[in-house]
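These notes are about the structure you will find just below.
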Amino acid sequence: MNKVILNTGLQDFIHKNWNADIVSVLLKKQLFEGVSQKELVEQLEAKKKCKDKLPSWFNTLNIYYPNKLNIEQTSSEQTARYKSKLINGKTILDVTGGFGVDSYFFSKQIDTVFHCEINSELSEIAKHNFEVFGQNNITCIPDDGIQFLKSTIQKFDWIYIDPSRRNNDKGKVFLLKDCLPNLPENLQALFEKTKNVLVKTSPLLDISQSIKELDFVKEIHVVAINNEVKELLYVLEHGFKKDITINAINLIQDQEVFFSFSLHEEPSVVVTYNNPEKYLYEPNSAILKSGGFKSVAKAYGVKKLHQHSHLYTSEVLIDFPGRRFEIRTVLPYSKNALKELKISKANITTRNFPASVAALRKKHKIKDGGDVYLFFTTNLDNKHIVIISNKVQPIF
């Protein structure tokens, strides 16, 4: 951590030039003694990344930024604020502290936060920023969180862990045991120091597989921002053996669109199937990821088009946690049927359909955009159909 970066003149430059052309700044001669142009550019790039993701950091003076990769990997303010509501008590250990966004929001809900970060420079940066924010109840520990946990005699009300994927040839990771730290391998060590564990994982991980790798799962929270799933959160309670509750949350500005269901009951929920009626519904991405396809149909009294299509319909327009459409017409899928409609521009979605959106656009020469929405799907008779519709103004 280069503390020269915190000098007033340099901070003023960062504040005024965060959106400057990076290449032009990099090519200029050194602007500030003791700070290379590369270091200066890293501050500018990271601050720019914070504008929408971390507005509190972006809008606060004298924040020290790590490299932009750390910003990309950290929680957003919206998701960090949400997960902070899931905990209570006096102490929490953040095993994988990173830039400290989650620890910062935990510190507003709990008396004492222990922030572990193996990267000593990142730990120092987080400590500085906590002091800037005036959050004096966070203790920064520049150490491997798992090693600290095993060596300390202290117990905690909560432990929070955010395993990251390994840098190897596999690329995308779908198993918790393939992440760092290896959570399944260290779960017993966590429960020796706490009763409650909060786990954050990438939305790429399969929920059912993660449940198999973990113990005592009490709740799962699928968190989306503006209909894009960002995090999966697992609440573990030592000794818990009852049914798992799954919560699907779509954060839209200051609103939380919330849907909850029982994992155990989902397979046995009785669903009504029907052909498209007057209105069509597509659940938000959090519900789609959660797997509550039958439960959402029962909760909102809508009919499903097909077991695997995950599109819903009704004769009367209702409030629904997702997109709503008024159906104009429904056609059996064929190239000629679409050709007669002369649709050259439309928004295309496929659900339980053998062709991709890109392939359909190319085949039918349909450009993206406009007010028409085409759903290529399969109906209850296992026939491929096209639903032509217009979007209805959302309630949520």
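FYI, nothing fancy with the structure tokens labels: chains A, B, ... in order, residues from 1 per chain, ligands from 1 as they appear.
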
**Request:** May I have the residues within 9 Å of Asn379 of chain A as a PyMOL selection string, using only C-alpha atoms and disregarding those fewer than 5 positions away in the same chain?
**Result:** chain A and resi 274-276+305-307+309+384-385

**Request:** Would you please give, as number ranges by chain, all residues of segment 121-175 of chain A that DSSP assigns to strand (DSSP E or B) based on the backbone?
**Result:** A: 138-141, 158-161, 164-165

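Considering the residues A:Phe261, A:Tyr312, A:Tyr160, A:Phe174 and counting only C-alpha atoms, Gly291 of chain A has its shortest atom-to-atom contact with A:Phe261.
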
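Using only C-alpha atoms, the smallest distance between any of A:Asn196, A:Thr139, A:Gln73, A:Ser344 and Asn88 of chain A comes from A:Asn196.
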
**Asked** Excluding same-chain residues fewer than 6 positions from Asn247 of chain A, what lies within 9 Å of it counting only C-alpha atoms, as a PyMOL selection string?
**Response** chain A and resi 219-223+258-262+286-287+290

**Asked** What lies within 10 Å of Asn347 of chain A using only C-alpha atoms, ignoring chain neighbours under 4 positions off, as JSON, numbers by chain?
**Response** {"A": [357, 361, 366, 367, 368, 369, 370, 371, 372, 373, 374, 375, 388, 389, 390]}

Would you output that residue set with N, CA, C and O atoms, as a compact mmCIF listing (two decimals), in the first residue's frame?
# COMPACT_ATOMS: atom_id res chain seq x y z
N VAL A 357 -31.46 -18.94 -29.44
CA VAL A 357 -31.93 -17.64 -29.89
C VAL A 357 -31.16 -17.19 -31.12
O VAL A 357 -31.74 -16.72 -32.10
N ARG A 361 -32.76 -16.39 -34.83
CA ARG A 361 -32.62 -15.06 -35.47
C ARG A 361 -32.07 -15.21 -36.89
O ARG A 361 -32.55 -14.57 -37.83
N ILE A 366 -34.62 -12.26 -38.08
CA ILE A 366 -35.28 -11.37 -37.12
C ILE A 366 -34.22 -10.62 -36.32
O ILE A 366 -33.38 -11.22 -35.64
N LYS A 367 -34.23 -9.32 -36.39
CA LYS A 367 -33.29 -8.48 -35.64
C LYS A 367 -33.77 -8.32 -34.19
O LYS A 367 -34.95 -8.50 -33.89
N ASP A 368 -32.85 -7.95 -33.32
CA ASP A 368 -33.17 -7.80 -31.90
C ASP A 368 -33.78 -6.43 -31.63
O ASP A 368 -33.40 -5.42 -32.22
N GLY A 369 -34.77 -6.41 -30.70
CA GLY A 369 -35.36 -5.14 -30.25
C GLY A 369 -36.82 -5.01 -30.63
O GLY A 369 -37.47 -5.94 -31.09
N GLY A 370 -37.35 -3.82 -30.41
CA GLY A 370 -38.74 -3.55 -30.75
C GLY A 370 -39.70 -3.88 -29.61
O GLY A 370 -39.29 -4.19 -28.49
N ASP A 371 -41.00 -3.82 -29.91
CA ASP A 371 -42.04 -4.02 -28.90
C ASP A 371 -42.65 -5.42 -28.93
O ASP A 371 -43.48 -5.75 -28.10
N VAL A 372 -42.25 -6.22 -29.91
CA VAL A 372 -42.79 -7.57 -30.03
C VAL A 372 -41.89 -8.55 -29.29
O VAL A 372 -40.66 -8.49 -29.39
N TYR A 373 -42.51 -9.48 -28.54
CA TYR A 373 -41.78 -10.50 -27.79
C TYR A 373 -42.21 -11.88 -28.28
O TYR A 373 -43.40 -12.21 -28.25
N LEU A 374 -41.25 -12.65 -28.76
CA LEU A 374 -41.51 -14.00 -29.26
C LEU A 374 -40.98 -15.03 -28.28
O LEU A 374 -39.81 -14.98 -27.90
N PHE A 375 -41.84 -15.95 -27.87
CA PHE A 375 -41.42 -17.05 -27.00
C PHE A 375 -41.52 -18.35 -27.79
O PHE A 375 -42.60 -18.75 -28.21
N ILE A 388 -46.59 -15.02 -29.69
CA ILE A 388 -46.31 -13.62 -30.04
C ILE A 388 -47.01 -12.73 -29.02
O ILE A 388 -48.22 -12.87 -28.78
N SER A 389 -46.27 -11.85 -28.39
CA SER A 389 -46.85 -11.09 -27.28
C SER A 389 -46.26 -9.70 -27.17
O SER A 389 -45.28 -9.36 -27.83
N ASN A 390 -46.88 -8.90 -26.32
CA ASN A 390 -46.38 -7.57 -25.96
C ASN A 390 -46.21 -7.49 -24.45
O ASN A 390 -47.00 -8.07 -23.71

Contact table segment 55-141 of chain A vs segment 4-10 of chain A, cut-off 12 Å, shortest pair per residue, only C-alpha atoms, as a tab-separated table:
residue	atom	partner	partner_atom	distance
A:Leu61	CA	A:Leu6	CA	9.7
A:Asn62	CA	A:Leu6	CA	6.2
A:Ile63	CA	A:Leu6	CA	8.0
A:Tyr64	CA	A:Leu6	CA	7.3
A:Tyr65	CA	A:Ile5	CA	9.8
A:Pro66	CA	A:Ile5	CA	11.6
A:Ile125	CA	A:Leu6	CA	11.3
A:His128	CA	A:Leu6	CA	10.4
A:Asn129	CA	A:Leu6	CA	11.3
A:Val132	CA	A:Leu6	CA	11.4

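The protein and nucleic acid residues lying at most 12 Å from Phe133 of chain A are Ser56, Trp57, Asn59, Thr60, Leu61, Asn62, Ile63, Tyr64, Gly100, Val101, Tyr104, Phe105, Ser107, Lys108, Ala126, Lys127, His128, Asn129, Phe130, Glu131, Gln135, Asn136, Asn137 and Ile138 of chain A, with only C-alpha atoms considered and sequence neighbours fewer than 2 positions away removed.
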